[in-house]
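Structure record follows, encoded as structure tokens.
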Amino acid sequence: MKIRHPDLQDQAINPEHAALGLPPVEYAVTHAYDHPLLRIAHYIVGAVLVTLLAYLAYRLFWANGSAKSGTELIAEALSNPAFWSAVGVGLLAQVIDGALGMAYGITSTSFLLAAGAPPAMASGATHLAEVFTTGVSGVAHLKLGNVNRRLFFSLLLPGIIGALLGTWVLTSVDGKALRPWVNGYLLLMGLYVLSKAFRKHRRTASIEPKRIAPLAMFGGFMDTTGGGGWGPIVTTSLVGAGHDPRTTIGSVNLAEFFLTVSVATAFFTILDDTVWVLVAGLAIGGLFAAPLAAYLTRHLQARTLLILVGCLISAVSVFNLSR
């Protein structure tokens, strides 16, 4: 029998648990940051983000490999239609992700493929831009006590392995041959999101720890090869199986940062410098998305958003397949 250590302090979540007949949240969850390994994970996230920003500034202003200055390169990017297309995609994807808590990757990749980007370029740009968003999100969940330590570590390594296997597939198979399969996967994900608007939520028995690793590996593999899907595959599977939504979302988001960094690192040696135009556009577009996401969340029901997003992703994927 498991010995519980409930957090009996004045936690806002405990009255909700009491109303549902659930025990109080455990101390190890509300005070996850006190665990040394998770504290180290927090420091790693901060160090990676600072290092990446410093590297980008160094490449732009001191070692850009061209005769143009950093200011000239910025001006050139601002006049590049691909940059503004990526801004629009990043804005739309972040609005969807902020309102639904998922679908950033599959939205970004769908539209980048429609714009003519090869699968590896689309997935690489999406994951490079996601380093910042997943890092900030993961730290926030950790500080707010939304991370289940056991679930996080169960997801971490298998997710990274699956993501790296997906990277290998993307870079080993010809992009033209892979494009129809990626678009077919994105179409299925769009239909999956759409189906969630018409299904009744059924909670079953929790997924056993030994089955979490294969789920994470599959989610990581599909997330990389398809350019997205970690949230829709892993989060929805765990929550649908009865895991606590709050700690599931927090744990999955924190694990996603390390998965994304692994994929981005692998793509560093493969993608050319043109990817940074797309990455910058996706990141900048995402910066302006928060107010719109908050507005949609407040004025539209979740079912309506699911229908809109599912139809949008499916339509774009069908368009890509028809070409």
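By convention here, the chains of the structure tokens are called A, B, ... in the order presented, each chain's residues are numbered starting at 1, and ligands are numbered starting at 1 in the order presented.
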
Please return as an mmCIF file with N, CA and C atoms, in the first residue's frame: the residues of range 194-289 of chain A that backbone DSSP assigns to alpha helix (DSSP H).
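File states-v9.cif, as written:
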data_model
loop_
_atom_site.group_PDB
_atom_site.id
_atom_site.type_symbol
_atom_site.label_atom_id
_atom_site.label_comp_id
_atom_site.auth_asym_id
_atom_site.auth_seq_id
_atom_site.Cartn_x
_atom_site.Cartn_y
_atom_site.Cartn_z
ATOM 1 N N LEU A 194 -10.355 17.106 -34.482
ATOM 2 C CA LEU A 194 -11.761 17.356 -34.791
ATOM 3 C C LEU A 194 -12.661 16.365 -34.065
ATOM 4 N N SER A 195 -12.240 15.111 -33.981
ATOM 5 C CA SER A 195 -13.080 14.090 -33.335
ATOM 6 C C SER A 195 -13.250 14.351 -31.842
ATOM 7 N N PRO A 209 2.985 2.573 -15.374
ATOM 8 C CA PRO A 209 4.283 3.185 -15.661
ATOM 9 C C PRO A 209 5.049 2.492 -16.788
ATOM 10 N N LYS A 210 4.964 1.157 -16.871
ATOM 11 C CA LYS A 210 5.712 0.447 -17.908
ATOM 12 C C LYS A 210 5.162 0.722 -19.308
ATOM 13 N N ARG A 211 3.929 1.240 -19.394
ATOM 14 C CA ARG A 211 3.353 1.570 -20.699
ATOM 15 C C ARG A 211 3.548 3.043 -21.057
ATOM 16 N N ILE A 212 4.002 3.848 -20.102
ATOM 17 C CA ILE A 212 4.233 5.265 -20.375
ATOM 18 C C ILE A 212 5.438 5.434 -21.295
ATOM 19 N N ALA A 213 6.491 4.614 -21.099
ATOM 20 C CA ALA A 213 7.704 4.724 -21.913
ATOM 21 C C ALA A 213 7.418 4.494 -23.402
ATOM 22 N N PRO A 214 6.700 3.419 -23.793
ATOM 23 C CA PRO A 214 6.382 3.256 -25.223
ATOM 24 C C PRO A 214 5.528 4.397 -25.768
ATOM 25 N N LEU A 215 4.601 4.908 -24.955
ATOM 26 C CA LEU A 215 3.772 6.032 -25.388
ATOM 27 C C LEU A 215 4.635 7.258 -25.650
ATOM 28 N N ALA A 216 5.588 7.541 -24.746
ATOM 29 C CA ALA A 216 6.471 8.698 -24.907
ATOM 30 C C ALA A 216 7.370 8.533 -26.132
ATOM 31 N N MET A 217 7.881 7.313 -26.348
ATOM 32 C CA MET A 217 8.747 7.078 -27.503
ATOM 33 C C MET A 217 7.971 7.264 -28.804
ATOM 34 N N PHE A 218 6.749 6.747 -28.860
ATOM 35 C CA PHE A 218 5.919 6.915 -30.049
ATOM 36 C C PHE A 218 5.568 8.386 -30.262
ATOM 37 N N GLY A 219 5.217 9.082 -29.172
ATOM 38 C CA GLY A 219 4.880 10.499 -29.276
ATOM 39 C C GLY A 219 6.055 11.330 -29.750
ATOM 40 N N GLY A 220 7.258 11.039 -29.229
ATOM 41 C CA GLY A 220 8.449 11.763 -29.662
ATOM 42 C C GLY A 220 8.795 11.502 -31.113
ATOM 43 N N PHE A 221 8.655 10.245 -31.545
ATOM 44 C CA PHE A 221 8.954 9.895 -32.932
ATOM 45 C C PHE A 221 7.997 10.592 -33.894
ATOM 46 N N MET A 222 6.713 10.545 -33.589
ATOM 47 C CA MET A 222 5.728 11.160 -34.469
ATOM 48 C C MET A 222 5.818 12.685 -34.418
ATOM 49 N N ASP A 223 6.189 13.225 -33.278
ATOM 50 C CA ASP A 223 6.327 14.675 -33.144
ATOM 51 C C ASP A 223 7.410 15.197 -34.079
ATOM 52 N N THR A 224 8.507 14.454 -34.208
ATOM 53 C CA THR A 224 9.606 14.904 -35.056
ATOM 54 C C THR A 224 9.327 14.646 -36.527
ATOM 55 N N THR A 225 8.908 13.434 -36.867
ATOM 56 C CA THR A 225 8.688 13.116 -38.276
ATOM 57 C C THR A 225 7.529 13.913 -38.856
ATOM 58 N N TRP A 230 3.328 15.811 -30.085
ATOM 59 C CA TRP A 230 3.672 15.379 -28.721
ATOM 60 C C TRP A 230 2.498 15.622 -27.773
ATOM 61 N N THR A 236 -3.144 13.907 -24.290
ATOM 62 C CA THR A 236 -4.530 13.432 -24.361
ATOM 63 C C THR A 236 -4.652 11.962 -23.981
ATOM 64 N N SER A 237 -3.642 11.156 -24.297
ATOM 65 C CA SER A 237 -3.684 9.735 -23.921
ATOM 66 C C SER A 237 -3.637 9.577 -22.406
ATOM 67 N N LEU A 238 -2.760 10.327 -21.745
ATOM 68 C CA LEU A 238 -2.614 10.212 -20.291
ATOM 69 C C LEU A 238 -3.835 10.763 -19.564
ATOM 70 N N VAL A 239 -4.311 11.930 -19.990
ATOM 71 C CA VAL A 239 -5.490 12.517 -19.339
ATOM 72 C C VAL A 239 -6.719 11.651 -19.580
ATOM 73 N N GLY A 240 -6.855 11.150 -20.808
ATOM 74 C CA GLY A 240 -7.985 10.286 -21.119
ATOM 75 C C GLY A 240 -7.965 8.983 -20.352
ATOM 76 N N PRO A 245 -5.155 15.923 -14.828
ATOM 77 C CA PRO A 245 -4.857 16.834 -15.945
ATOM 78 C C PRO A 245 -3.791 17.874 -15.602
ATOM 79 N N ARG A 246 -3.845 18.435 -14.399
ATOM 80 C CA ARG A 246 -2.929 19.524 -14.051
ATOM 81 C C ARG A 246 -1.474 19.052 -14.054
ATOM 82 N N THR A 247 -1.196 17.960 -13.350
ATOM 83 C CA THR A 247 0.187 17.492 -13.277
ATOM 84 C C THR A 247 0.619 16.803 -14.571
ATOM 85 N N THR A 248 -0.336 16.257 -15.322
ATOM 86 C CA THR A 248 0.005 15.648 -16.612
ATOM 87 C C THR A 248 0.472 16.711 -17.593
ATOM 88 N N ILE A 249 -0.284 17.796 -17.712
ATOM 89 C CA ILE A 249 0.082 18.872 -18.629
ATOM 90 C C ILE A 249 1.420 19.473 -18.232
ATOM 91 N N GLY A 250 1.631 19.712 -16.933
ATOM 92 C CA GLY A 250 2.892 20.282 -16.476
ATOM 93 C C GLY A 250 4.074 19.369 -16.742
ATOM 94 N N SER A 251 3.912 18.088 -16.455
ATOM 95 C CA SER A 251 5.011 17.124 -16.642
ATOM 96 C C SER A 251 5.333 16.937 -18.119
ATOM 97 N N VAL A 252 4.297 16.844 -18.953
ATOM 98 C CA VAL A 252 4.497 16.670 -20.396
ATOM 99 C C VAL A 252 5.176 17.903 -20.986
ATOM 100 N N ASN A 253 4.780 19.101 -20.548
ATOM 101 C CA ASN A 253 5.382 20.323 -21.068
ATOM 102 C C ASN A 253 6.847 20.442 -20.681
ATOM 103 N N LEU A 254 7.190 20.104 -19.440
ATOM 104 C CA LEU A 254 8.590 20.169 -19.024
ATOM 105 C C LEU A 254 9.431 19.155 -19.797
ATOM 106 N N ALA A 255 8.910 17.942 -19.970
ATOM 107 C CA ALA A 255 9.634 16.930 -20.746
ATOM 108 C C ALA A 255 9.784 17.356 -22.199
ATOM 109 N N GLU A 256 8.795 18.079 -22.719
ATOM 110 C CA GLU A 256 8.840 18.505 -24.116
ATOM 111 C C GLU A 256 10.010 19.444 -24.386
ATOM 112 N N PHE A 257 10.394 20.243 -23.392
ATOM 113 C CA PHE A 257 11.530 21.135 -23.599
ATOM 114 C C PHE A 257 12.789 20.336 -23.915
ATOM 115 N N PHE A 258 13.078 19.312 -23.126
ATOM 116 C CA PHE A 258 14.293 18.522 -23.336
ATOM 117 C C PHE A 258 14.212 17.737 -24.644
ATOM 118 N N LEU A 259 13.020 17.270 -24.985
ATOM 119 C CA LEU A 259 12.824 16.616 -26.281
ATOM 120 C C LEU A 259 13.105 17.595 -27.423
ATOM 121 N N THR A 260 12.579 18.809 -27.294
ATOM 122 C CA THR A 260 12.748 19.819 -28.342
ATOM 123 C C THR A 260 14.196 20.232 -28.491
ATOM 124 N N VAL A 261 14.907 20.389 -27.375
ATOM 125 C CA VAL A 261 16.327 20.751 -27.428
ATOM 126 C C VAL A 261 17.131 19.656 -28.122
ATOM 127 N N SER A 262 16.810 18.395 -27.837
ATOM 128 C CA SER A 262 17.517 17.285 -28.482
ATOM 129 C C SER A 262 17.312 17.310 -29.987
ATOM 130 N N VAL A 263 16.077 17.541 -30.419
ATOM 131 C CA VAL A 263 15.779 17.591 -31.851
ATOM 132 C C VAL A 263 16.460 18.794 -32.494
ATOM 133 N N ALA A 264 16.373 19.958 -31.836
ATOM 134 C CA ALA A 264 16.982 21.166 -32.382
ATOM 135 C C ALA A 264 18.490 21.007 -32.528
ATOM 136 N N THR A 265 19.132 20.364 -31.546
ATOM 137 C CA THR A 265 20.574 20.130 -31.610
ATOM 138 C C THR A 265 20.927 19.232 -32.787
ATOM 139 N N ALA A 266 20.105 18.195 -33.006
ATOM 140 C CA ALA A 266 20.353 17.291 -34.133
ATOM 141 C C ALA A 266 20.194 18.015 -35.465
ATOM 142 N N PHE A 267 19.232 18.927 -35.552
ATOM 143 C CA PHE A 267 18.994 19.662 -36.795
ATOM 144 C C PHE A 267 20.054 20.735 -37.059
ATOM 145 N N PHE A 268 20.775 21.161 -36.012
ATOM 146 C CA PHE A 268 21.790 22.208 -36.171
ATOM 147 C C PHE A 268 22.800 21.847 -37.256
ATOM 148 N N VAL A 275 17.088 28.562 -42.486
ATOM 149 C CA VAL A 275 16.083 28.156 -41.505
ATOM 150 C C VAL A 275 15.856 29.241 -40.459
ATOM 151 N N TRP A 276 16.884 30.091 -40.213
ATOM 152 C CA TRP A 276 16.751 31.089 -39.155
ATOM 153 C C TRP A 276 15.726 32.154 -39.514
ATOM 154 N N VAL A 277 15.496 32.373 -40.795
ATOM 155 C CA VAL A 277 14.441 33.312 -41.196
ATOM 156 C C VAL A 277 13.081 32.780 -40.742
ATOM 157 N N LEU A 278 12.870 31.483 -40.943
ATOM 158 C CA LEU A 278 11.614 30.875 -40.514
ATOM 159 C C LEU A 278 11.506 30.843 -39.000
ATOM 160 N N VAL A 279 12.606 30.495 -38.326
ATOM 161 C CA VAL A 279 12.595 30.427 -36.856
ATOM 162 C C VAL A 279 12.270 31.796 -36.256
ATOM 163 N N ALA A 280 12.932 32.834 -36.783
ATOM 164 C CA ALA A 280 12.681 34.187 -36.278
ATOM 165 C C ALA A 280 11.230 34.595 -36.504
ATOM 166 N N GLY A 281 10.687 34.260 -37.676
ATOM 167 C CA GLY A 281 9.296 34.596 -37.949
ATOM 168 C C GLY A 281 8.329 33.880 -37.024
ATOM 169 N N LEU A 282 8.571 32.572 -36.799
ATOM 170 C CA LEU A 282 7.705 31.804 -35.904
ATOM 171 C C LEU A 282 7.757 32.357 -34.481
ATOM 172 N N ALA A 283 8.970 32.675 -34.017
ATOM 173 C CA ALA A 283 9.126 33.173 -32.651
ATOM 174 C C ALA A 283 8.476 34.543 -32.476
ATOM 175 N N ILE A 284 8.717 35.450 -33.418
ATOM 176 C CA ILE A 284 8.154 36.795 -33.310
ATOM 177 C C ILE A 284 6.632 36.757 -33.428
ATOM 178 N N GLY A 285 6.123 35.945 -34.340
ATOM 179 C CA GLY A 285 4.673 35.810 -34.459
ATOM 180 C C GLY A 285 4.047 35.299 -33.173
ATOM 181 N N GLY A 286 4.747 34.351 -32.519
ATOM 182 C CA GLY A 286 4.236 33.814 -31.268
ATOM 183 C C GLY A 286 4.197 34.822 -30.139
ATOM 184 N N LEU A 287 5.090 35.821 -30.176
ATOM 185 C CA LEU A 287 5.135 36.823 -29.115
ATOM 186 C C LEU A 287 3.853 37.644 -29.040
#

Just to confirm, what's the straight-line distance from CA of Phe83 in chain A to CA of Val45 in chain A in Å (one decimal)?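 CA of Val45 in chain A lies 27.1 Å from CA of Phe83 in chain A.
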
Contacts of Thr107 in chain A within 12 Å, only C-alpha atoms, excl. fewer than 4 positions in-chain, as a ChimeraX atom specification: /A:86,88-97,102-103,111-114,122-123,126,183,186-187,189-190,193,223,226-229,232,282,308-317

Since we have the selection now, will you write its residues out, keeping C-alpha atoms, as a PDB file, in the first residue's frame?
ATOM      1  CA  ALA A  86       6.491  32.495 -40.817  1.00  0.00           C
ATOM      2  CA  GLY A  88       1.722  34.688 -39.683  1.00  0.00           C
ATOM      3  CA  VAL A  89       2.141  30.956 -39.116  1.00  0.00           C
ATOM      4  CA  GLY A  90       3.732  31.523 -35.702  1.00  0.00           C
ATOM      5  CA  LEU A  91       0.937  33.883 -34.696  1.00  0.00           C
ATOM      6  CA  LEU A  92      -1.780  31.449 -35.738  1.00  0.00           C
ATOM      7  CA  ALA A  93      -0.060  28.418 -34.212  1.00  0.00           C
ATOM      8  CA  GLN A  94       0.577  30.130 -30.872  1.00  0.00           C
ATOM      9  CA  VAL A  95      -3.017  31.419 -30.703  1.00  0.00           C
ATOM     10  CA  ILE A  96      -4.251  27.846 -31.201  1.00  0.00           C
ATOM     11  CA  ASP A  97      -1.763  26.415 -28.723  1.00  0.00           C
ATOM     12  CA  MET A 102      -1.756  21.792 -27.912  1.00  0.00           C
ATOM     13  CA  ALA A 103      -1.368  21.717 -31.708  1.00  0.00           C
ATOM     14  CA  PHE A 111       1.423  25.706 -43.076  1.00  0.00           C
ATOM     15  CA  LEU A 112       5.199  25.610 -43.633  1.00  0.00           C
ATOM     16  CA  LEU A 113       4.744  22.572 -45.873  1.00  0.00           C
ATOM     17  CA  ALA A 114       2.003  24.429 -47.728  1.00  0.00           C
ATOM     18  CA  ALA A 122       9.545  22.584 -41.555  1.00  0.00           C
ATOM     19  CA  SER A 123      10.099  20.283 -38.578  1.00  0.00           C
ATOM     20  CA  THR A 126       9.228  24.441 -35.699  1.00  0.00           C
ATOM     21  CA  ASN A 183       0.963  15.307 -44.833  1.00  0.00           C
ATOM     22  CA  LEU A 186      -0.984  15.664 -40.261  1.00  0.00           C
ATOM     23  CA  LEU A 187      -4.367  14.970 -41.878  1.00  0.00           C
ATOM     24  CA  MET A 189      -3.961  14.470 -36.515  1.00  0.00           C
ATOM     25  CA  GLY A 190      -6.352  17.133 -37.793  1.00  0.00           C
ATOM     26  CA  VAL A 193      -8.419  16.933 -33.030  1.00  0.00           C
ATOM     27  CA  ASP A 223       6.327  14.675 -33.144  1.00  0.00           C
ATOM     28  CA  GLY A 226       5.363  14.931 -38.511  1.00  0.00           C
ATOM     29  CA  GLY A 227       6.593  18.241 -37.110  1.00  0.00           C
ATOM     30  CA  GLY A 228       4.223  18.027 -34.142  1.00  0.00           C
ATOM     31  CA  GLY A 229       1.979  15.785 -32.118  1.00  0.00           C
ATOM     32  CA  PRO A 232      -2.104  15.593 -28.814  1.00  0.00           C
ATOM     33  CA  LEU A 282       7.705  31.804 -35.904  1.00  0.00           C
ATOM     34  CA  LEU A 308     -12.032  25.145 -36.143  1.00  0.00           C
ATOM     35  CA  VAL A 309      -8.515  23.821 -35.569  1.00  0.00           C
ATOM     36  CA  GLY A 310      -9.337  20.283 -36.702  1.00  0.00           C
ATOM     37  CA  CYS A 311     -10.942  21.548 -39.901  1.00  0.00           C
ATOM     38  CA  LEU A 312      -8.092  23.986 -40.548  1.00  0.00           C
ATOM     39  CA  ILE A 313      -5.296  21.428 -40.167  1.00  0.00           C
ATOM     40  CA  SER A 314      -7.207  18.813 -42.163  1.00  0.00           C
ATOM     41  CA  ALA A 315      -7.937  21.268 -44.988  1.00  0.00           C
ATOM     42  CA  VAL A 316      -4.314  22.380 -45.249  1.00  0.00           C
ATOM     43  CA  SER A 317      -3.131  18.762 -45.229  1.00  0.00           C
TER      44      SER A 317
END

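From CA of Arg179 in chain A back to CA of Pro119 in chain A, the distance works out to 6.1 Å.
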
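With distances restricted to only C-alpha atoms, A:Leu38 is the closest residue to Phe153 in chain A from A:Pro81, A:Leu52, A:Gly242, A:Leu38.
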
What is the distance between CA of Phe152 in chain A and CA of Thr133 in chain A, in Å to one decimal? 18.0 Å
